[in-house]
Amino acid sequence: MRRFLLAVAAPVLAIVFSLALVSVILVISGHPPFGVFRDMVNYGFQPRSQVLTLNLATTYYLSALAVAIGFRMNLFNIGVDGQYRLAAMIAAAFAGSVVLPAPFGQIVTIAIAMVVGAMWAGIAGLLKVTRGVSEVISTIMLNFIATGVVAYLLTPGRLAVSVQGSNNIGTKPIPASGQVPGISLLPGTTQQVYGLILLAVVMGVGYWFLLGRTRFGFDLRATGRSEPAAVASGVNVKRMVLVSMLLSGAVAGLVGIPQLLGASYTYSLDFPAGLGFTGIAIALLGRNNPIGIAFGALLWAFLDTSRQILDLGGVSKEIVTIMQGVIVLAVVIAYELVRRYGLAQQQREVGRRLAAEESAAAAAGVAA
Amino acid sequence: MVANHDIDLVVRRGTVHAIVGENGAGKSTLMNTLYGMHKPDEGEVLIDGEPVVMHSPSDAIARGVGMVHQHFMLANNLTVLENVILGQEPTSGWRIDFDAARAQIDEIGQRYGLDVDPDELLEDLGVGDRQRVEILKVLYRGAKTLILDEPTSVLVPQEVDDLFDALRELKQQGLTVIFISHKLDEVLSVADTITVIRAGTTVATVDPAEVTARQLAELMVGSELPSPETRESTVTDVPVLTVEHLSLAGPGERLLLDDISFTIHQGEVLGIAGVEGNGQVELVETIMGMRTASDGRVLFDDTDVTHWSTRRRREEGMGYIPEDRTRHGLLLEAPLWENRMLGHQTTPPNAKGALIDRRGARADTERIVREYDVRTPGIEVLASSLSGGNQQKLIVGREMSGDPKVLVAAHPTRGVDVGAQAAIWDLLKDARAKGLGVLLISADLDELIGLSDSLRVLLRGRLVASADPATVTPEQLGSAMTGVGGEAA
């Protein structure tokens with residue numbers, strides 16, 4: 001119970017702190033903070049907004065999971081962004097041009113996205129294990145290269161066609177048989193939740209199982225906690241680096257898929273970008289824990305959805321960006337403080353319990 | 001923190017005051033309190049009769065209390081002079097006044113008989129000289145009271161004598177030395193007063209002239225002094241671990257390991273003596289497959305395992321007690337039962353196929369805690385919450401589970417209290433009697449001589465001498481370790 005409270009204390013503190021800071025900014029800029037927050041909450045909890053929040057959270061969740069796999073072994077996969085954009089684009093081009101009977105089309109599309117994401121991340125993994133290149137540097141570079149590759153392939157005559165009624169270009173639209181239908185989850189709106197929200201749930205469960213219950217996951221966590229100890233225990237760290245980069249990339253490949261197969265049906269120039277960086281923030285917020293990340297993703301998505309109302313009241317939407325930034329910074333500090341507090345607390349506790357046993361034993365000795 | 005309660009300690013000026021106690025008895029906590037790293041919950045510290053409150057080591061230094069840590073805190077790529085003045089550089093204008101610093105260091109060195117060349121690079125110095133630099137550093141900061149935490153644990157006997165001469169000199173000059181140790185013979189030879197600590201409390205303060213080592217040990221643990229002595233030989237002629245012409249290339253010209261050959265038989269303990277840094281770590285890590293030999297072979301039970309992975313070696317029955325338990329032996333921020341799995345995460349009771357067996361691992365951790373007397377309130381606590389000795393008992397228990405055929409043990413009882421040390425020695429002896437082959441690396445020469453069936457001396461990556469543990473003395477072994485004595489016994 002105390003462990004749970006300690007775990008929840010940090011994010012709650014961070015959110016409270018950022019609300020306070022944002023309130024100050026709002027007051028300075030002449031807006032009543034409570035009014036603004038009330039508007040956001042009212043808008044954010046409308047059925048339509050809730051569906052949008054869920055859809056956004058699905059994407060964020062997958063992105064944060066991809067980042068978290070790396071984090072758990074002290075790998076910083078900043079390249080989720082490039083990995084998912086490249087993966088989504090190639091998967092979209094495939095699904096738009098090859099028609100397979102459902103559900104095979106969808107399965108193959110998802111598999112292609114995972115493979116492309118894994119391969120793109122695998123480049124960084126290979127560079128790290130063979131040449132010692134920091135994955136931080138190489139994944140940032142690969143993001144830029146991915147942007148270039150996507151731009152190159154997404155031109156008419158290669159993988160792109162022009163989108164009807166606009167000057168946008170995108171991959172060939174995916175036919176109905178290749179799409180994943182939405183779910184009418186909430187009454188009061190025609191907006192549907194992505195069918196692939198289930199994929200996110202499955203990935204979350206898979207992540208929990210892989211890390212917590214398998215030998216592979218134990219090796220991965222051991223490597224993240226202490227590389228020398230992992231080496232001494234027989235972990236082949238190079239192989240772990242490569243495999244976890246591949247896994248992280250495979251999950252990253254899924255980030256754009258719910259949107260692709262559930263809403264846009266094409267990878268066009270306006271396909272959402274930057275989700276990989278949001279994933280880093282959410283993985284930090286959720287502390288690489290599958291449930292924590294789910295809450296983080298929902299919070300982030302809620303803020304992103306409800307900020308849309310702010311313009312109407314003349315409040316700058318960027319106030320939410322400030323809030324998100326402060327949350328991440330504060331949560332990192334708060335986790336470290338809570339971690340140290342917890343460690344010291346436990347050492348004290350162990351000392352006290354042992355001393356109590358000792359004196360009990362001594363008393364028994366005297367009695368005997 | 002109840003690591004210490006009711007400590008009464010009176011240290012007179014101009015004396016060497018030894019503090020002895022089991023590990024986990026609270027010696028380090030006490031010293032950290034005196035050095036300002038912990039604040040006492042109750043009671044007070046008086047210096048020259050004046051109560052003082054110290055919030056940090058710099059407060060302690062300001063009051064003339066300096067500490068020489070067990071592990072040297074020196075920068076290898078700087079000279080002695082630079083190391084000494086680091087953080088407290090004398091300046092003239094905006095530049096460091098090296099001449100003033102040199103004069104001051106020479107003066108201190110001459111006054112206390114601490115002879116070190118200030119311009120030597122630290123990486124070129126031996127362990128004994130490094131320790132003198134540490135002491136110089138503390139004196140340079142104006143310390144009148146020196147706390148030395150287990151200063152002899154890294155020294156060979158000859159260097160220990162040098163250190164003790166230096167301590168006597170400091171004492172002559174009116175400085176006070178607080179000397180922490182668990183080596184009772186040394187304490188008896190150098191201390192003017194000895195205070196014994198048990199379970200965080202001072203149990204006695206005695207005059208070294210009036211006690212024997214055995215009596216001291218009894219004060220420390222309340223039981224008899226354990227001995228590493230093994231009784232009869234259990235050595236068979238079945239080899240379990242053979243090393244043939246093993247070499248390991250280093251970053252430079254010199255080989256880290258140079259043509260090492262030996263055979264360990266079933267029931268045999270082979271001890272490797274050597275000053276730290278002469279290739280022990282490399283030897284152990286090469287045998288465990290963590291480093292790749294540049295030449296030579298390692299045979300395990302007649303099978304060439306030179307190219308096996310660490311995991312395969314461990315799965316096939318090579319146990320490993322690493323030298324640095326917090327770095328290589330444990331996941332400090334993982335619970336005990338996960339630490340029990342570490343290194344054995346692929347075999348029962350920790351694994352079922354590709355899955356880990358949490359229930360099995362937990363149950364077996366309970367068993368280790370019970371059988372090896374790991375003092376802990378439970379198996380869910382993090383490894384970092386245990387004292388060093390209890391961490392070590394967990395590691396020994398873990399490595400002895402699953403009946404290894406070979407145990408590579410680097411400093412198996414380092415930092416372990418006398419009771420646990422005896423228990424670990426007994427375990428090794430029992431396992432040896434059942435046919436375990438042990439490669440033992442230790443800085444504790446008594447342990448090495450007492451446990452081993454045969455002894456080799458490692459110097460600069462070569463096995464330079466062998467010795468018969470039945471006849472060799474620690475002094476002879478010490479000479480061979482520093483390369484001055486040639487063949488030992």
# chains A, B, ... in the order shown; residues from 1 in each chain; ligands from 1
>>> residues_around(residues="stretch 105-116 of chain A", least_positions_apart="3", cutoff="10 Å", atoms="only C-alpha atoms", output="ChimeraX atom specification")
/A:83-96,98-102,119-122,177-180,246-258,261
>>> write_last_selection(atoms="C-alpha atoms", output="PDB file, in the first residue's frame")
ATOM      1  CA  GLN A  83      10.440   4.706 -37.323  1.00  0.00           C
ATOM      2  CA  TYR A  84       6.674   5.114 -37.227  1.00  0.00           C
ATOM      3  CA  ARG A  85       6.491   7.601 -40.099  1.00  0.00           C
ATOM      4  CA  LEU A  86       8.502   5.401 -42.412  1.00  0.00           C
ATOM      5  CA  ALA A  87       6.613   2.304 -41.286  1.00  0.00           C
ATOM      6  CA  ALA A  88       3.204   3.925 -41.712  1.00  0.00           C
ATOM      7  CA  MET A  89       4.061   5.247 -45.146  1.00  0.00           C
ATOM      8  CA  ILE A  90       5.294   1.931 -46.509  1.00  0.00           C
ATOM      9  CA  ALA A  91       2.451  -0.008 -44.894  1.00  0.00           C
ATOM     10  CA  ALA A  92      -0.007   2.482 -46.362  1.00  0.00           C
ATOM     11  CA  ALA A  93       1.488   2.135 -49.836  1.00  0.00           C
ATOM     12  CA  PHE A  94       1.217  -1.638 -49.531  1.00  0.00           C
ATOM     13  CA  ALA A  95      -2.363  -1.663 -48.254  1.00  0.00           C
ATOM     14  CA  GLY A  96      -3.460   0.795 -50.907  1.00  0.00           C
ATOM     15  CA  VAL A  98      -2.489  -4.841 -52.818  1.00  0.00           C
ATOM     16  CA  VAL A  99      -5.942  -6.106 -52.043  1.00  0.00           C
ATOM     17  CA  LEU A 100      -6.141  -9.143 -49.815  1.00  0.00           C
ATOM     18  CA  PRO A 101      -9.287 -10.571 -48.217  1.00  0.00           C
ATOM     19  CA  ALA A 102      -9.924  -9.252 -44.706  1.00  0.00           C
ATOM     20  CA  MET A 119      14.566  -2.479 -39.384  1.00  0.00           C
ATOM     21  CA  TRP A 120      14.871   1.267 -39.096  1.00  0.00           C
ATOM     22  CA  ALA A 121      15.552   0.997 -35.359  1.00  0.00           C
ATOM     23  CA  GLY A 122      17.782  -1.984 -36.015  1.00  0.00           C
ATOM     24  CA  SER A 177     -11.674  -4.386 -47.260  1.00  0.00           C
ATOM     25  CA  GLY A 178      -8.303  -3.334 -45.897  1.00  0.00           C
ATOM     26  CA  GLN A 179      -9.637  -0.932 -43.275  1.00  0.00           C
ATOM     27  CA  VAL A 180     -10.316  -1.610 -39.610  1.00  0.00           C
ATOM     28  CA  LEU A 246      14.330  -4.284 -32.914  1.00  0.00           C
ATOM     29  CA  LEU A 247      11.427  -4.755 -30.501  1.00  0.00           C
ATOM     30  CA  SER A 248      11.216  -1.076 -29.743  1.00  0.00           C
ATOM     31  CA  GLY A 249      11.211  -0.321 -33.457  1.00  0.00           C
ATOM     32  CA  ALA A 250       8.566  -2.957 -34.164  1.00  0.00           C
ATOM     33  CA  VAL A 251       6.225  -1.373 -31.633  1.00  0.00           C
ATOM     34  CA  ALA A 252       7.134   2.055 -32.978  1.00  0.00           C
ATOM     35  CA  GLY A 253       6.045   0.820 -36.404  1.00  0.00           C
ATOM     36  CA  LEU A 254       2.522   0.425 -35.023  1.00  0.00           C
ATOM     37  CA  VAL A 255       2.163   4.024 -33.859  1.00  0.00           C
ATOM     38  CA  GLY A 256       0.610   5.334 -37.059  1.00  0.00           C
ATOM     39  CA  ILE A 257      -1.446   2.229 -37.851  1.00  0.00           C
ATOM     40  CA  PRO A 258      -4.659   2.881 -35.829  1.00  0.00           C
ATOM     41  CA  LEU A 261      -6.453   1.898 -40.942  1.00  0.00           C
TER      42      LEU A 261
END
>>> interface_residues(of="chain B", to="chain A", cutoff="9 Å", atoms="only C-alpha atoms", output="PyMOL selection string")
chain B and resi 1-3+199+285+288-290+309-314+320+322+325-334+338+342-346+351-358+375-378+381-382+384-386
>>> closest_residue(among="B:Leu256, B:Leu170, B:Val275, B:Ala191", to="B:Gly14", atoms="only C-alpha atoms")
B:Leu170
>>> closest_residue(among="A:Val320, A:Val8, A:Ile169, A:Ala64", to="A:Tyr267", atoms="only C-alpha atoms")
A:Ile169
>>> residues_around(residues="A:Val161", least_positions_apart="3", cutoff="7 Å", atoms="only C-alpha atoms", output="PDB file with C-alpha atoms, in the first residue's frame")
ATOM      1  CA  PRO A 156       3.718  11.155 -57.684  1.00  0.00           C
ATOM      2  CA  ILE A 169      -0.523  14.062 -52.081  1.00  0.00           C
ATOM      3  CA  GLY A 170      -0.652  10.702 -50.386  1.00  0.00           C
ATOM      4  CA  THR A 171      -0.441   6.985 -50.918  1.00  0.00           C
ATOM      5  CA  LYS A 172      -3.275   5.266 -52.761  1.00  0.00           C
TER       6      LYS A 172
END
>>> residues_around(residues="B:Leu78", least_positions_apart="3", cutoff="12 Å", atoms="only C-alpha atoms", output="PyMOL selection string")
chain B and resi 74-75+81-86+118-125+133
>>> select_by_dssp(residues="stretch 59-247 of chain A", states="helix (DSSP H, G or I)", output="VMD selection string")
chain A and resid 59 to 71 80 to 97 104 to 131 135 to 153 176 to 178 197 to 213 215 to 225 227 to 232 237 to 247
>>> residues_around(residues="A:Leu52", least_positions_apart="6", cutoff="10 Å", atoms="only C-alpha atoms", output="list in words")
Gly44, Gln46, Thr58, Gln191, Gln192, Val193, Tyr194, Ala301, Phe302, Asp304, Thr305 and Ser306 of chain A
>>> select_by_dssp(residues="stretch 40-259 of chain A", states="strand (DSSP E)", output="PyMOL selection string")
chain A and resi 160-162+169-171
>>> write_last_selection(atoms="C-alpha atoms", output="mmCIF file, in the first residue's frame")
data_model
loop_
_atom_site.group_PDB
_atom_site.id
_atom_site.type_symbol
_atom_site.label_atom_id
_atom_site.label_comp_id
_atom_site.auth_asym_id
_atom_site.auth_seq_id
_atom_site.Cartn_x
_atom_site.Cartn_y
_atom_site.Cartn_z
ATOM 1 C CA ALA A 160 2.051 8.803 -54.104
ATOM 2 C CA VAL A 161 -1.038 9.958 -55.953
ATOM 3 C CA SER A 162 -2.712 13.319 -55.556
ATOM 4 C CA ILE A 169 -0.523 14.062 -52.081
ATOM 5 C CA GLY A 170 -0.652 10.702 -50.386
ATOM 6 C CA THR A 171 -0.441 6.985 -50.918
#
>>> decode(residues="stretch 117-179 of chain A", atoms="C-alpha atoms", output="compact mmCIF listing (two decimals), in the first residue's frame")
# COMPACT_ATOMS: atom_id res chain seq x y z
CA GLY A 117 9.94 0.03 -37.85
CA ALA A 118 12.15 -2.74 -36.50
CA MET A 119 14.57 -2.48 -39.38
CA TRP A 120 14.87 1.27 -39.10
CA ALA A 121 15.55 1.00 -35.36
CA GLY A 122 17.78 -1.98 -36.02
CA ILE A 123 20.19 0.23 -37.93
CA ALA A 124 20.81 2.18 -34.73
CA GLY A 125 21.12 -1.09 -32.79
CA LEU A 126 23.65 -2.50 -35.25
CA LEU A 127 25.69 0.68 -35.19
CA LYS A 128 25.76 0.56 -31.42
CA VAL A 129 26.88 -3.04 -31.08
CA THR A 130 29.37 -3.04 -33.94
CA ARG A 131 30.78 0.46 -33.86
CA GLY A 132 29.80 1.73 -30.42
CA VAL A 133 27.74 4.60 -31.81
CA SER A 134 25.46 6.11 -29.19
CA GLU A 135 21.87 5.28 -30.03
CA VAL A 136 20.88 8.79 -29.01
CA ILE A 137 22.89 10.28 -31.84
CA SER A 138 22.11 7.65 -34.44
CA THR A 139 18.36 7.63 -33.85
CA ILE A 140 18.19 11.42 -34.11
CA MET A 141 20.08 11.22 -37.39
CA LEU A 142 17.80 8.43 -38.59
CA ASN A 143 14.79 10.66 -37.90
CA PHE A 144 16.11 13.18 -40.39
CA ILE A 145 16.96 10.47 -42.88
CA ALA A 146 13.47 9.01 -42.48
CA THR A 147 11.99 12.42 -43.26
CA GLY A 148 14.09 12.50 -46.41
CA VAL A 149 13.20 8.96 -47.45
CA VAL A 150 9.49 9.56 -46.88
CA ALA A 151 9.63 12.77 -48.92
CA TYR A 152 11.46 10.97 -51.70
CA LEU A 153 9.06 8.04 -51.87
CA LEU A 154 5.96 10.15 -51.37
CA THR A 155 6.06 11.79 -54.76
CA PRO A 156 3.72 11.15 -57.68
CA GLY A 157 5.16 8.42 -59.87
CA ARG A 158 6.67 6.61 -56.93
CA LEU A 159 4.32 5.75 -54.07
CA ALA A 160 2.05 8.80 -54.10
CA VAL A 161 -1.04 9.96 -55.95
CA SER A 162 -2.71 13.32 -55.56
CA VAL A 163 -5.54 13.45 -53.11
CA GLN A 164 -8.80 14.36 -54.73
CA GLY A 165 -9.99 17.90 -54.28
CA SER A 166 -6.80 19.29 -52.81
CA ASN A 167 -3.19 19.83 -53.64
CA ASN A 168 -2.19 17.28 -51.01
CA ILE A 169 -0.52 14.06 -52.08
CA GLY A 170 -0.65 10.70 -50.39
CA THR A 171 -0.44 6.98 -50.92
CA LYS A 172 -3.28 5.27 -52.76
CA PRO A 173 -6.35 5.14 -50.51
CA ILE A 174 -6.80 1.83 -48.71
CA PRO A 175 -9.97 0.08 -49.95
CA ALA A 176 -12.73 -0.74 -47.47
CA SER A 177 -11.67 -4.39 -47.26
CA GLY A 178 -8.30 -3.33 -45.90
CA GLN A 179 -9.64 -0.93 -43.27
